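Okay, start-v9.cif is below, mmCIF, N, CA and C atoms:
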```
data_final
loop_
_atom_site.label_atom_id
_atom_site.label_comp_id
_atom_site.auth_asym_id
_atom_site.auth_seq_id
_atom_site.Cartn_x
_atom_site.Cartn_y
_atom_site.Cartn_z
N MET D 26 134.48 63.37 57.04
CA MET D 26 135.27 62.21 56.71
C MET D 26 134.57 61.45 55.58
N THR D 27 135.38 60.98 54.65
CA THR D 27 134.90 60.13 53.58
C THR D 27 135.56 58.77 53.74
N LEU D 28 134.82 57.72 53.43
CA LEU D 28 135.33 56.35 53.48
C LEU D 28 135.59 55.89 52.06
N PHE D 29 136.76 55.29 51.85
CA PHE D 29 137.12 54.71 50.56
C PHE D 29 137.36 53.23 50.78
N ILE D 30 136.84 52.42 49.87
CA ILE D 30 137.06 50.98 49.92
C ILE D 30 137.83 50.59 48.66
N ASP D 31 139.01 50.02 48.88
CA ASP D 31 139.78 49.45 47.79
C ASP D 31 139.06 48.15 47.42
N GLY D 32 138.38 48.15 46.29
CA GLY D 32 137.51 47.03 45.93
C GLY D 32 138.23 45.74 45.61
N ASP D 33 139.52 45.79 45.35
CA ASP D 33 140.27 44.58 45.03
C ASP D 33 140.25 43.61 46.21
N ALA D 34 139.73 42.43 45.97
CA ALA D 34 139.72 41.34 46.97
C ALA D 34 139.02 41.73 48.27
N PHE D 35 137.97 42.53 48.19
CA PHE D 35 137.23 42.92 49.39
C PHE D 35 136.40 41.72 49.86
N PRO D 36 136.63 41.22 51.08
CA PRO D 36 135.95 40.01 51.55
C PRO D 36 134.43 40.18 51.70
N ASN D 37 133.70 39.19 51.25
CA ASN D 37 132.23 39.21 51.36
C ASN D 37 131.77 39.34 52.79
N LEU D 38 132.49 38.76 53.74
CA LEU D 38 132.09 38.82 55.15
C LEU D 38 132.07 40.26 55.69
N LEU D 39 132.81 41.15 55.05
CA LEU D 39 132.89 42.53 55.53
C LEU D 39 131.79 43.42 54.96
N LYS D 40 131.16 42.99 53.91
CA LYS D 40 130.17 43.84 53.24
C LYS D 40 129.03 44.27 54.16
N PRO D 41 128.37 43.36 54.90
CA PRO D 41 127.29 43.83 55.78
C PRO D 41 127.79 44.72 56.92
N ILE D 42 128.99 44.49 57.38
CA ILE D 42 129.57 45.31 58.45
C ILE D 42 129.75 46.75 57.96
N VAL D 43 130.29 46.88 56.77
CA VAL D 43 130.56 48.20 56.21
C VAL D 43 129.25 48.92 55.87
N ILE D 44 128.30 48.22 55.27
CA ILE D 44 127.02 48.85 54.92
C ILE D 44 126.32 49.35 56.18
N LYS D 45 126.35 48.56 57.24
CA LYS D 45 125.72 48.98 58.49
C LYS D 45 126.37 50.25 59.03
N ALA D 46 127.70 50.32 58.98
CA ALA D 46 128.42 51.51 59.46
C ALA D 46 128.12 52.73 58.59
N ILE D 47 128.11 52.53 57.28
CA ILE D 47 127.82 53.63 56.36
C ILE D 47 126.44 54.22 56.65
N GLU D 48 125.46 53.36 56.81
CA GLU D 48 124.09 53.81 57.05
C GLU D 48 123.95 54.49 58.41
N ARG D 49 124.55 53.86 59.43
CA ARG D 49 124.44 54.40 60.79
C ARG D 49 125.08 55.78 60.90
N LEU D 50 126.22 55.95 60.23
CA LEU D 50 126.98 57.20 60.35
C LEU D 50 126.69 58.18 59.21
N LYS D 51 125.88 57.74 58.24
CA LYS D 51 125.59 58.58 57.06
C LYS D 51 126.91 59.03 56.42
N LEU D 52 127.76 58.08 56.17
CA LEU D 52 129.14 58.31 55.76
C LEU D 52 129.30 58.17 54.25
N GLN D 53 129.66 59.27 53.59
CA GLN D 53 129.91 59.19 52.15
C GLN D 53 131.02 58.19 51.89
N THR D 54 130.75 57.25 50.99
CA THR D 54 131.68 56.14 50.75
C THR D 54 131.85 55.91 49.25
N TYR D 55 133.08 55.61 48.87
CA TYR D 55 133.40 55.26 47.49
C TYR D 55 134.05 53.88 47.47
N VAL D 56 133.54 53.02 46.60
CA VAL D 56 134.19 51.74 46.32
C VAL D 56 134.89 51.93 44.99
N ILE D 57 136.20 51.75 44.99
CA ILE D 57 136.98 52.00 43.79
C ILE D 57 137.69 50.72 43.38
N ALA D 58 137.48 50.33 42.12
CA ALA D 58 138.08 49.10 41.59
C ALA D 58 138.15 49.21 40.08
N ASN D 59 138.84 48.25 39.45
CA ASN D 59 138.90 48.26 37.99
C ASN D 59 137.91 47.29 37.38
N LYS D 60 136.97 46.81 38.20
CA LYS D 60 135.86 45.99 37.70
C LYS D 60 134.68 46.22 38.64
N LYS D 61 133.52 45.78 38.21
CA LYS D 61 132.32 45.98 39.02
C LYS D 61 132.42 45.15 40.30
N ILE D 62 132.24 45.82 41.43
CA ILE D 62 132.25 45.21 42.75
C ILE D 62 130.95 45.61 43.42
N ASN D 63 130.27 44.67 44.04
CA ASN D 63 129.03 44.99 44.74
C ASN D 63 129.21 44.80 46.23
N VAL D 64 129.26 45.90 46.96
CA VAL D 64 129.37 45.86 48.41
C VAL D 64 127.98 45.89 49.04
N GLY D 65 127.03 46.49 48.33
CA GLY D 65 125.67 46.62 48.82
C GLY D 65 125.09 47.93 48.31
N LYS D 66 123.92 48.26 48.82
CA LYS D 66 123.25 49.48 48.38
C LYS D 66 123.09 50.44 49.55
N SER D 67 123.35 51.69 49.26
CA SER D 67 123.17 52.76 50.22
C SER D 67 123.17 54.07 49.45
N LYS D 68 122.38 55.02 49.90
CA LYS D 68 122.40 56.32 49.24
C LYS D 68 123.71 57.06 49.50
N TYR D 69 124.51 56.56 50.44
CA TYR D 69 125.81 57.17 50.76
C TYR D 69 126.96 56.50 50.02
N LEU D 70 126.65 55.52 49.18
CA LEU D 70 127.67 54.67 48.56
C LEU D 70 127.72 54.89 47.06
N ASP D 71 128.91 55.20 46.55
CA ASP D 71 129.13 55.36 45.11
C ASP D 71 130.21 54.39 44.66
N TYR D 72 130.02 53.87 43.46
CA TYR D 72 130.99 52.95 42.86
C TYR D 72 131.72 53.66 41.74
N LEU D 73 133.05 53.57 41.76
CA LEU D 73 133.87 54.14 40.70
C LEU D 73 134.69 53.02 40.07
N ILE D 74 134.54 52.85 38.78
CA ILE D 74 135.34 51.86 38.07
C ILE D 74 136.41 52.60 37.29
N VAL D 75 137.66 52.23 37.53
CA VAL D 75 138.80 52.85 36.87
C VAL D 75 139.27 51.94 35.74
N GLU D 76 140.19 52.44 34.94
CA GLU D 76 140.74 51.64 33.85
C GLU D 76 141.53 50.46 34.40
N GLN D 77 141.68 49.44 33.55
CA GLN D 77 142.48 48.28 33.92
C GLN D 77 143.93 48.71 34.13
N GLY D 78 144.59 48.08 35.07
CA GLY D 78 145.98 48.40 35.35
C GLY D 78 146.27 48.14 36.81
N ALA D 79 147.49 47.72 37.08
CA ALA D 79 147.87 47.27 38.42
C ALA D 79 147.57 48.29 39.51
N ASP D 80 147.84 49.55 39.28
CA ASP D 80 147.70 50.55 40.34
C ASP D 80 146.66 51.62 40.05
N GLU D 81 145.82 51.41 39.06
CA GLU D 81 144.84 52.44 38.69
C GLU D 81 143.88 52.77 39.83
N ALA D 82 143.35 51.73 40.49
CA ALA D 82 142.42 51.97 41.61
C ALA D 82 143.16 52.65 42.76
N ASP D 83 144.36 52.19 43.05
CA ASP D 83 145.15 52.80 44.13
C ASP D 83 145.41 54.28 43.84
N ASN D 84 145.80 54.57 42.60
CA ASN D 84 146.10 55.95 42.22
C ASN D 84 144.86 56.84 42.36
N LYS D 85 143.69 56.32 42.00
CA LYS D 85 142.45 57.09 42.11
C LYS D 85 142.13 57.37 43.58
N ILE D 86 142.32 56.37 44.42
CA ILE D 86 142.07 56.56 45.85
C ILE D 86 143.00 57.64 46.41
N VAL D 87 144.28 57.55 46.09
CA VAL D 87 145.25 58.53 46.58
C VAL D 87 144.91 59.92 46.06
N GLU D 88 144.47 60.00 44.82
CA GLU D 88 144.08 61.29 44.25
C GLU D 88 142.90 61.91 45.00
N MET D 89 141.93 61.09 45.40
CA MET D 89 140.71 61.60 46.02
C MET D 89 140.80 61.81 47.53
N VAL D 90 141.62 61.03 48.21
CA VAL D 90 141.65 61.04 49.68
C VAL D 90 142.25 62.35 50.20
N VAL D 91 141.68 62.81 51.29
CA VAL D 91 142.22 63.99 51.97
C VAL D 91 142.45 63.65 53.44
N GLU D 92 143.09 64.56 54.13
CA GLU D 92 143.41 64.36 55.54
C GLU D 92 142.18 63.90 56.33
N ASN D 93 142.41 62.90 57.17
CA ASN D 93 141.41 62.32 58.08
C ASN D 93 140.39 61.40 57.43
N ASP D 94 140.45 61.20 56.10
CA ASP D 94 139.59 60.19 55.48
C ASP D 94 140.07 58.81 55.91
N LEU D 95 139.23 57.80 55.67
CA LEU D 95 139.58 56.42 56.01
C LEU D 95 139.52 55.57 54.75
N VAL D 96 140.55 54.74 54.57
CA VAL D 96 140.61 53.81 53.45
C VAL D 96 140.68 52.39 54.00
N ILE D 97 139.81 51.53 53.47
CA ILE D 97 139.86 50.11 53.81
C ILE D 97 140.61 49.41 52.68
N THR D 98 141.76 48.83 53.01
CA THR D 98 142.59 48.17 52.01
C THR D 98 143.51 47.15 52.66
N ALA D 99 143.81 46.10 51.90
CA ALA D 99 144.82 45.13 52.33
C ALA D 99 146.14 45.39 51.62
N ASP D 100 146.20 46.45 50.83
CA ASP D 100 147.36 46.80 50.03
C ASP D 100 148.28 47.69 50.87
N ILE D 101 149.39 47.14 51.32
CA ILE D 101 150.28 47.88 52.22
C ILE D 101 150.93 49.09 51.55
N PRO D 102 151.42 48.98 50.30
CA PRO D 102 151.95 50.20 49.66
C PRO D 102 150.89 51.29 49.52
N LEU D 103 149.63 50.92 49.24
CA LEU D 103 148.57 51.92 49.21
C LEU D 103 148.36 52.53 50.59
N ALA D 104 148.34 51.70 51.61
CA ALA D 104 148.19 52.21 52.98
C ALA D 104 149.30 53.21 53.31
N ASP D 105 150.52 52.92 52.88
CA ASP D 105 151.64 53.83 53.11
C ASP D 105 151.39 55.18 52.44
N ARG D 106 150.89 55.17 51.23
CA ARG D 106 150.59 56.41 50.51
C ARG D 106 149.47 57.18 51.21
N ILE D 107 148.50 56.46 51.74
CA ILE D 107 147.37 57.09 52.45
C ILE D 107 147.86 57.75 53.74
N ILE D 108 148.67 57.03 54.50
CA ILE D 108 149.22 57.55 55.76
C ILE D 108 150.04 58.81 55.49
N SER D 109 150.77 58.83 54.38
CA SER D 109 151.60 60.01 54.07
C SER D 109 150.75 61.25 53.77
N LYS D 110 149.45 61.05 53.49
CA LYS D 110 148.53 62.17 53.26
C LYS D 110 147.74 62.52 54.53
N ASN D 111 148.20 61.99 55.67
CA ASN D 111 147.55 62.23 56.96
C ASN D 111 146.11 61.73 57.00
N ALA D 112 145.88 60.66 56.26
CA ALA D 112 144.58 59.98 56.31
C ALA D 112 144.81 58.66 57.04
N HIS D 113 143.76 57.84 57.13
CA HIS D 113 143.81 56.61 57.90
C HIS D 113 143.58 55.41 57.00
N ALA D 114 144.15 54.27 57.38
CA ALA D 114 143.97 53.03 56.62
C ALA D 114 143.80 51.87 57.58
N ILE D 115 142.86 51.00 57.24
CA ILE D 115 142.61 49.79 58.03
C ILE D 115 142.54 48.62 57.05
N ASP D 116 143.12 47.49 57.46
CA ASP D 116 143.06 46.35 56.55
C ASP D 116 141.87 45.45 56.88
N HIS D 117 141.67 44.45 56.04
CA HIS D 117 140.50 43.57 56.15
C HIS D 117 140.46 42.77 57.44
N ARG D 118 141.59 42.61 58.08
CA ARG D 118 141.66 41.83 59.31
C ARG D 118 141.63 42.71 60.57
N GLY D 119 141.45 44.01 60.36
CA GLY D 119 141.30 44.91 61.49
C GLY D 119 142.57 45.62 61.94
N GLU D 120 143.64 45.49 61.18
CA GLU D 120 144.87 46.21 61.54
C GLU D 120 144.75 47.66 61.11
N LEU D 121 144.90 48.56 62.07
CA LEU D 121 144.87 49.99 61.77
C LEU D 121 146.30 50.43 61.50
N TYR D 122 146.56 50.81 60.26
CA TYR D 122 147.89 51.28 59.91
C TYR D 122 148.08 52.69 60.43
N SER D 123 149.30 53.01 60.81
CA SER D 123 149.59 54.32 61.38
C SER D 123 151.01 54.74 61.00
N VAL D 124 151.33 55.98 61.30
CA VAL D 124 152.69 56.47 61.08
C VAL D 124 153.68 55.59 61.84
N GLU D 125 153.28 55.13 63.01
CA GLU D 125 154.17 54.33 63.86
C GLU D 125 154.43 52.93 63.33
N ASN D 126 153.51 52.34 62.56
CA ASN D 126 153.70 50.94 62.17
C ASN D 126 153.78 50.68 60.67
N ILE D 127 153.45 51.65 59.83
CA ILE D 127 153.35 51.37 58.40
C ILE D 127 154.69 51.00 57.78
N LYS D 128 155.77 51.61 58.21
CA LYS D 128 157.08 51.29 57.61
C LYS D 128 157.49 49.86 57.96
N GLN D 129 157.15 49.40 59.15
CA GLN D 129 157.44 48.02 59.54
C GLN D 129 156.66 47.05 58.64
N TYR D 130 155.38 47.32 58.41
CA TYR D 130 154.58 46.47 57.53
C TYR D 130 155.12 46.49 56.10
N LEU D 131 155.52 47.66 55.63
CA LEU D 131 156.05 47.79 54.28
C LEU D 131 157.37 47.03 54.13
N THR D 132 158.23 47.13 55.13
CA THR D 132 159.50 46.41 55.11
C THR D 132 159.27 44.90 55.06
N MET D 133 158.35 44.39 55.87
CA MET D 133 158.07 42.95 55.88
C MET D 133 157.47 42.51 54.55
N ARG D 134 156.57 43.31 54.01
CA ARG D 134 155.96 42.99 52.71
C ARG D 134 157.03 42.93 51.63
N ASN D 135 157.93 43.91 51.60
CA ASN D 135 158.99 43.93 50.59
C ASN D 135 159.95 42.77 50.75
N PHE D 136 160.26 42.42 51.98
CA PHE D 136 161.13 41.27 52.25
C PHE D 136 160.49 39.98 51.72
N MET D 137 159.21 39.80 52.00
CA MET D 137 158.52 38.59 51.52
C MET D 137 158.46 38.57 49.99
N GLN D 138 158.30 39.73 49.38
CA GLN D 138 158.29 39.81 47.92
C GLN D 138 159.64 39.41 47.35
N GLU D 139 160.71 39.87 47.99
CA GLU D 139 162.06 39.49 47.56
C GLU D 139 162.26 37.99 47.68
N MET D 140 161.74 37.40 48.74
CA MET D 140 161.85 35.95 48.93
C MET D 140 161.12 35.22 47.80
N ARG D 141 159.90 35.65 47.48
CA ARG D 141 159.14 35.03 46.40
C ARG D 141 159.84 35.21 45.06
N ASP D 142 160.39 36.41 44.83
CA ASP D 142 161.10 36.67 43.58
C ASP D 142 162.33 35.80 43.44
N ALA D 143 162.92 35.40 44.57
CA ALA D 143 164.10 34.53 44.56
C ALA D 143 163.72 33.06 44.44
N GLY D 144 162.41 32.78 44.33
CA GLY D 144 161.98 31.40 44.14
C GLY D 144 161.54 30.69 45.40
N GLU D 145 161.58 31.37 46.51
CA GLU D 145 161.16 30.78 47.78
C GLU D 145 159.64 30.67 47.81
N VAL D 146 159.15 29.51 48.23
CA VAL D 146 157.70 29.33 48.38
C VAL D 146 157.35 29.75 49.80
N THR D 147 156.63 30.86 49.91
CA THR D 147 156.34 31.42 51.23
C THR D 147 154.91 31.15 51.68
N GLY D 148 154.07 30.69 50.79
CA GLY D 148 152.66 30.49 51.15
C GLY D 148 151.97 31.84 51.23
N GLY D 149 150.68 31.83 51.21
CA GLY D 149 149.94 33.08 51.28
C GLY D 149 149.39 33.29 52.67
N PRO D 150 148.58 34.31 52.81
CA PRO D 150 147.95 34.55 54.12
C PRO D 150 146.94 33.45 54.42
N LYS D 151 146.67 33.27 55.70
CA LYS D 151 145.68 32.26 56.08
C LYS D 151 144.31 32.69 55.55
N ALA D 152 143.43 31.73 55.40
CA ALA D 152 142.11 32.01 54.87
C ALA D 152 141.39 33.04 55.76
N PHE D 153 140.62 33.90 55.11
CA PHE D 153 139.87 34.92 55.82
C PHE D 153 138.65 34.27 56.44
N GLY D 154 138.42 34.53 57.73
CA GLY D 154 137.32 33.87 58.41
C GLY D 154 136.51 34.80 59.29
N GLN D 155 135.58 34.21 60.01
CA GLN D 155 134.66 34.97 60.87
C GLN D 155 135.41 35.75 61.95
N LYS D 156 136.46 35.17 62.51
CA LYS D 156 137.24 35.88 63.54
C LYS D 156 137.89 37.14 62.96
N ASP D 157 138.37 37.04 61.71
CA ASP D 157 138.95 38.20 61.05
C ASP D 157 137.90 39.29 60.85
N ALA D 158 136.70 38.88 60.43
CA ALA D 158 135.61 39.83 60.23
C ALA D 158 135.24 40.51 61.55
N GLN D 159 135.24 39.75 62.64
CA GLN D 159 134.93 40.33 63.95
C GLN D 159 136.01 41.32 64.39
N ASN D 160 137.28 40.97 64.16
CA ASN D 160 138.37 41.88 64.48
C ASN D 160 138.24 43.18 63.68
N PHE D 161 137.88 43.05 62.41
CA PHE D 161 137.67 44.22 61.57
C PHE D 161 136.54 45.09 62.12
N ALA D 162 135.41 44.46 62.42
CA ALA D 162 134.25 45.20 62.95
C ALA D 162 134.60 45.93 64.23
N ASN D 163 135.32 45.27 65.13
CA ASN D 163 135.72 45.89 66.39
C ASN D 163 136.63 47.10 66.16
N GLN D 164 137.61 46.93 65.29
CA GLN D 164 138.55 48.01 65.01
C GLN D 164 137.85 49.17 64.31
N LEU D 165 136.95 48.87 63.37
CA LEU D 165 136.21 49.91 62.67
C LEU D 165 135.35 50.72 63.65
N ASN D 166 134.65 50.01 64.52
CA ASN D 166 133.84 50.68 65.55
C ASN D 166 134.69 51.56 66.45
N ALA D 167 135.81 51.02 66.91
CA ALA D 167 136.70 51.78 67.79
C ALA D 167 137.23 53.02 67.08
N PHE D 168 137.58 52.86 65.82
CA PHE D 168 138.08 53.99 65.04
C PHE D 168 137.02 55.09 64.94
N PHE D 169 135.80 54.71 64.58
CA PHE D 169 134.74 55.71 64.44
C PHE D 169 134.39 56.36 65.77
N GLN D 170 134.39 55.61 66.84
CA GLN D 170 134.10 56.19 68.15
C GLN D 170 135.15 57.21 68.54
N LYS D 171 136.39 56.93 68.20
CA LYS D 171 137.50 57.82 68.55
C LYS D 171 137.53 59.07 67.65
N THR D 172 137.26 58.90 66.36
CA THR D 172 137.45 60.01 65.44
C THR D 172 136.20 60.82 65.13
N LEU D 173 135.03 60.27 65.37
CA LEU D 173 133.78 60.98 65.04
C LEU D 173 133.06 61.48 66.26
N LYS D 174 133.80 61.87 67.27
CA LYS D 174 133.18 62.38 68.51
C LYS D 174 132.51 63.69 68.27
#
```
Show me, as structure tokens, the structure contained in the file I just sent.
Amino acid sequence: MTLFIDGDAFPNLLKPIVIKAIERLKLQTYVIANKKINVGKSKYLDYLIVEQGADEADNKIVEMVVENDLVITADIPLADRIISKNAHAIDHRGELYSVENIKQYLTMRNFMQEMRDAGEVTGGPKAFGQKDAQNFANQLNAFFQKTLK
């Protein structure tokens, strides 16, 4: 299994959690973004900077990911593309996307986008906090325990 981190808007609170998991599991990891992102240092961690562009990092992740890899991303359309390749995706708040739930998340995301495009002020997500980081850590641990037996 390879771990991919969508570097766009990766929360600082998650960096030590991810580095600890990478080191403990000796898990090859790629951070992919269109600018320099520092998650930490590990001999298992590589940084890939792609060209500027809305979906360049997403496209690189989809190109590299194979079945059973894990991608950390808050990007629901990217998660949908990952799931379609029989890989796994988890968001920053600990939601594990799956075949069973990804279409529901995608539908809600598209609906909210349509509302914003129509001029509706919908507000953004609540601020990322320690509880979110704990939920992420718990879900990441559970995922690894289940899949790396």
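For the choices D:Leu39, D:Ile62, D:Leu103, D:Leu52, the atom-to-atom distance to Val87 (chain D) is smallest for D:Leu103 when using all atoms listed in the file.
The space separating CA of Gly119 (chain D) from atom N of Thr98 (chain D) comes to 9.4 Å.
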Can you check which residues of region 83-159 of chain D DSSP gives as alpha helix (DSSP H) on the backbone and send them as a PyMOL selection string?
chain D and resi 83-89+101-108+127-142+155-159
Just N, CA and C atoms for this one: save the residues we selected as a CSV table (one decimal), in the frame of the given file.
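Written out: again23.csv:
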```
chain,number,residue,atom,x,y,z
D,83,ASP,N,144.4,52.2,43.0
D,83,ASP,CA,145.2,52.8,44.1
D,83,ASP,C,145.4,54.3,43.8
D,84,ASN,N,145.8,54.6,42.6
D,84,ASN,CA,146.1,56.0,42.2
D,84,ASN,C,144.9,56.8,42.4
D,85,LYS,N,143.7,56.3,42.0
D,85,LYS,CA,142.4,57.1,42.1
D,85,LYS,C,142.1,57.4,43.6
D,86,ILE,N,142.3,56.4,44.4
D,86,ILE,CA,142.1,56.6,45.8
D,86,ILE,C,143.0,57.6,46.4
D,87,VAL,N,144.3,57.6,46.1
D,87,VAL,CA,145.2,58.5,46.6
D,87,VAL,C,144.9,59.9,46.1
D,88,GLU,N,144.5,60.0,44.8
D,88,GLU,CA,144.1,61.3,44.2
D,88,GLU,C,142.9,61.9,45.0
D,89,MET,N,141.9,61.1,45.4
D,89,MET,CA,140.7,61.6,46.0
D,89,MET,C,140.8,61.8,47.5
D,101,ILE,N,149.4,47.1,51.3
D,101,ILE,CA,150.3,47.9,52.2
D,101,ILE,C,150.9,49.1,51.6
D,102,PRO,N,151.4,49.0,50.3
D,102,PRO,CA,152.0,50.2,49.7
D,102,PRO,C,150.9,51.3,49.5
D,103,LEU,N,149.6,50.9,49.2
D,103,LEU,CA,148.6,51.9,49.2
D,103,LEU,C,148.4,52.5,50.6
D,104,ALA,N,148.3,51.7,51.6
D,104,ALA,CA,148.2,52.2,53.0
D,104,ALA,C,149.3,53.2,53.3
D,105,ASP,N,150.5,52.9,52.9
D,105,ASP,CA,151.6,53.8,53.1
D,105,ASP,C,151.4,55.2,52.4
D,106,ARG,N,150.9,55.2,51.2
D,106,ARG,CA,150.6,56.4,50.5
D,106,ARG,C,149.5,57.2,51.2
D,107,ILE,N,148.5,56.5,51.7
D,107,ILE,CA,147.4,57.1,52.4
D,107,ILE,C,147.9,57.8,53.7
D,108,ILE,N,148.7,57.0,54.5
D,108,ILE,CA,149.2,57.6,55.8
D,108,ILE,C,150.0,58.8,55.5
D,127,ILE,N,153.4,51.6,59.8
D,127,ILE,CA,153.4,51.4,58.4
D,127,ILE,C,154.7,51.0,57.8
D,128,LYS,N,155.8,51.6,58.2
D,128,LYS,CA,157.1,51.3,57.6
D,128,LYS,C,157.5,49.9,58.0
D,129,GLN,N,157.2,49.4,59.2
D,129,GLN,CA,157.4,48.0,59.5
D,129,GLN,C,156.7,47.0,58.6
D,130,TYR,N,155.4,47.3,58.4
D,130,TYR,CA,154.6,46.5,57.5
D,130,TYR,C,155.1,46.5,56.1
D,131,LEU,N,155.5,47.7,55.6
D,131,LEU,CA,156.0,47.8,54.3
D,131,LEU,C,157.4,47.0,54.1
D,132,THR,N,158.2,47.1,55.1
D,132,THR,CA,159.5,46.4,55.1
D,132,THR,C,159.3,44.9,55.1
D,133,MET,N,158.4,44.4,55.9
D,133,MET,CA,158.1,43.0,55.9
D,133,MET,C,157.5,42.5,54.6
D,134,ARG,N,156.6,43.3,54.0
D,134,ARG,CA,156.0,43.0,52.7
D,134,ARG,C,157.0,42.9,51.6
D,135,ASN,N,157.9,43.9,51.6
D,135,ASN,CA,159.0,43.9,50.6
D,135,ASN,C,160.0,42.8,50.8
D,136,PHE,N,160.3,42.4,52.0
D,136,PHE,CA,161.1,41.3,52.2
D,136,PHE,C,160.5,40.0,51.7
D,137,MET,N,159.2,39.8,52.0
D,137,MET,CA,158.5,38.6,51.5
D,137,MET,C,158.5,38.6,50.0
D,138,GLN,N,158.3,39.7,49.4
D,138,GLN,CA,158.3,39.8,47.9
D,138,GLN,C,159.6,39.4,47.4
D,139,GLU,N,160.7,39.9,48.0
D,139,GLU,CA,162.1,39.5,47.6
D,139,GLU,C,162.3,38.0,47.7
D,140,MET,N,161.7,37.4,48.7
D,140,MET,CA,161.8,36.0,48.9
D,140,MET,C,161.1,35.2,47.8
D,141,ARG,N,159.9,35.6,47.5
D,141,ARG,CA,159.1,35.0,46.4
D,141,ARG,C,159.8,35.2,45.1
D,142,ASP,N,160.4,36.4,44.8
D,142,ASP,CA,161.1,36.7,43.6
D,142,ASP,C,162.3,35.8,43.4
D,155,GLN,N,135.6,34.2,60.0
D,155,GLN,CA,134.7,35.0,60.9
D,155,GLN,C,135.4,35.8,62.0
D,156,LYS,N,136.5,35.2,62.5
D,156,LYS,CA,137.2,35.9,63.5
D,156,LYS,C,137.9,37.1,63.0
D,157,ASP,N,138.4,37.0,61.7
D,157,ASP,CA,139.0,38.2,61.0
D,157,ASP,C,137.9,39.3,60.8
D,158,ALA,N,136.7,38.9,60.4
D,158,ALA,CA,135.6,39.8,60.2
D,158,ALA,C,135.2,40.5,61.6
D,159,GLN,N,135.2,39.8,62.6
D,159,GLN,CA,134.9,40.3,64.0
D,159,GLN,C,136.0,41.3,64.4
```
Mind listing the strand (DSSP E) residues of region 36-91 of chain D, per DSSP on the backbone, as an NGL selection string?
:D and (54-58 or 70-74)
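The shortest atom-to-atom distance to Ala114 (chain D), with all atoms listed in the file taken into account, belongs to D:Ile97 out of D:Tyr55, D:Ile47, D:Ile97, D:Leu73.
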Pick out the closest residue to Pro102 (chain D) from this set: D:Ile42, D:Ala143, D:Ile127, D:Ala34. Count only C-alpha atoms.
D:Ile127
Lys40 (chain D) environment, 10 Å, only C-alpha atoms, sequence neighbours closer than 3 positions dropped, as an mmCIF file with N, CA and C atoms, in the frame of the given file:
```cif
data_model
loop_
_atom_site.group_PDB
_atom_site.id
_atom_site.type_symbol
_atom_site.label_atom_id
_atom_site.label_comp_id
_atom_site.auth_asym_id
_atom_site.auth_seq_id
_atom_site.Cartn_x
_atom_site.Cartn_y
_atom_site.Cartn_z
ATOM 1 N N PHE D 35 137.970 42.530 48.190
ATOM 2 C CA PHE D 35 137.230 42.920 49.390
ATOM 3 C C PHE D 35 136.400 41.720 49.860
ATOM 4 N N PRO D 36 136.630 41.220 51.080
ATOM 5 C CA PRO D 36 135.950 40.010 51.550
ATOM 6 C C PRO D 36 134.430 40.180 51.700
ATOM 7 N N ASN D 37 133.700 39.190 51.250
ATOM 8 C CA ASN D 37 132.230 39.210 51.360
ATOM 9 C C ASN D 37 131.770 39.340 52.790
ATOM 10 N N VAL D 43 130.290 46.880 56.770
ATOM 11 C CA VAL D 43 130.560 48.200 56.210
ATOM 12 C C VAL D 43 129.250 48.920 55.870
ATOM 13 N N ILE D 44 128.300 48.220 55.270
ATOM 14 C CA ILE D 44 127.020 48.850 54.920
ATOM 15 C C ILE D 44 126.320 49.350 56.180
ATOM 16 N N LYS D 45 126.350 48.560 57.240
ATOM 17 C CA LYS D 45 125.720 48.980 58.490
ATOM 18 C C LYS D 45 126.370 50.250 59.030
ATOM 19 N N ASN D 63 130.270 44.670 44.040
ATOM 20 C CA ASN D 63 129.030 44.990 44.740
ATOM 21 C C ASN D 63 129.210 44.800 46.230
ATOM 22 N N VAL D 64 129.260 45.900 46.960
ATOM 23 C CA VAL D 64 129.370 45.860 48.410
ATOM 24 C C VAL D 64 127.980 45.890 49.040
ATOM 25 N N GLY D 65 127.030 46.490 48.330
ATOM 26 C CA GLY D 65 125.670 46.620 48.820
ATOM 27 C C GLY D 65 125.090 47.930 48.310
ATOM 28 N N ALA D 158 136.700 38.880 60.430
ATOM 29 C CA ALA D 158 135.610 39.830 60.230
ATOM 30 C C ALA D 158 135.240 40.510 61.550
#
```
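As for CA of Glu92 (chain D) and CA of Asn160 (chain D), they are spaced 24.7 Å apart.
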Find the residues with any atom within 7 Å of (139.5, 39.7, 57.1); use only C-alpha atoms and the coordinates as given in the file, and write the answer as an mmCIF file with N, CA and C atoms, in the frame of the given file.
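Wrote it out as selection.cif, contents follow:
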```cif
data_model
loop_
_atom_site.group_PDB
_atom_site.id
_atom_site.type_symbol
_atom_site.label_atom_id
_atom_site.label_comp_id
_atom_site.auth_asym_id
_atom_site.auth_seq_id
_atom_site.Cartn_x
_atom_site.Cartn_y
_atom_site.Cartn_z
ATOM 1 N N PRO D 36 136.630 41.220 51.080
ATOM 2 C CA PRO D 36 135.950 40.010 51.550
ATOM 3 C C PRO D 36 134.430 40.180 51.700
ATOM 4 N N HIS D 117 141.670 44.450 56.040
ATOM 5 C CA HIS D 117 140.500 43.570 56.150
ATOM 6 C C HIS D 117 140.460 42.770 57.440
ATOM 7 N N ARG D 118 141.590 42.610 58.080
ATOM 8 C CA ARG D 118 141.660 41.830 59.310
ATOM 9 C C ARG D 118 141.630 42.710 60.570
ATOM 10 N N PHE D 153 140.620 33.900 55.110
ATOM 11 C CA PHE D 153 139.870 34.920 55.820
ATOM 12 C C PHE D 153 138.650 34.270 56.440
ATOM 13 N N GLY D 154 138.420 34.530 57.730
ATOM 14 C CA GLY D 154 137.320 33.870 58.410
ATOM 15 C C GLY D 154 136.510 34.800 59.290
ATOM 16 N N ASP D 157 138.370 37.040 61.710
ATOM 17 C CA ASP D 157 138.950 38.200 61.050
ATOM 18 C C ASP D 157 137.900 39.290 60.850
ATOM 19 N N ALA D 158 136.700 38.880 60.430
ATOM 20 C CA ALA D 158 135.610 39.830 60.230
ATOM 21 C C ALA D 158 135.240 40.510 61.550
ATOM 22 N N PHE D 161 137.880 43.050 62.410
ATOM 23 C CA PHE D 161 137.670 44.220 61.570
ATOM 24 C C PHE D 161 136.540 45.090 62.120
#
```
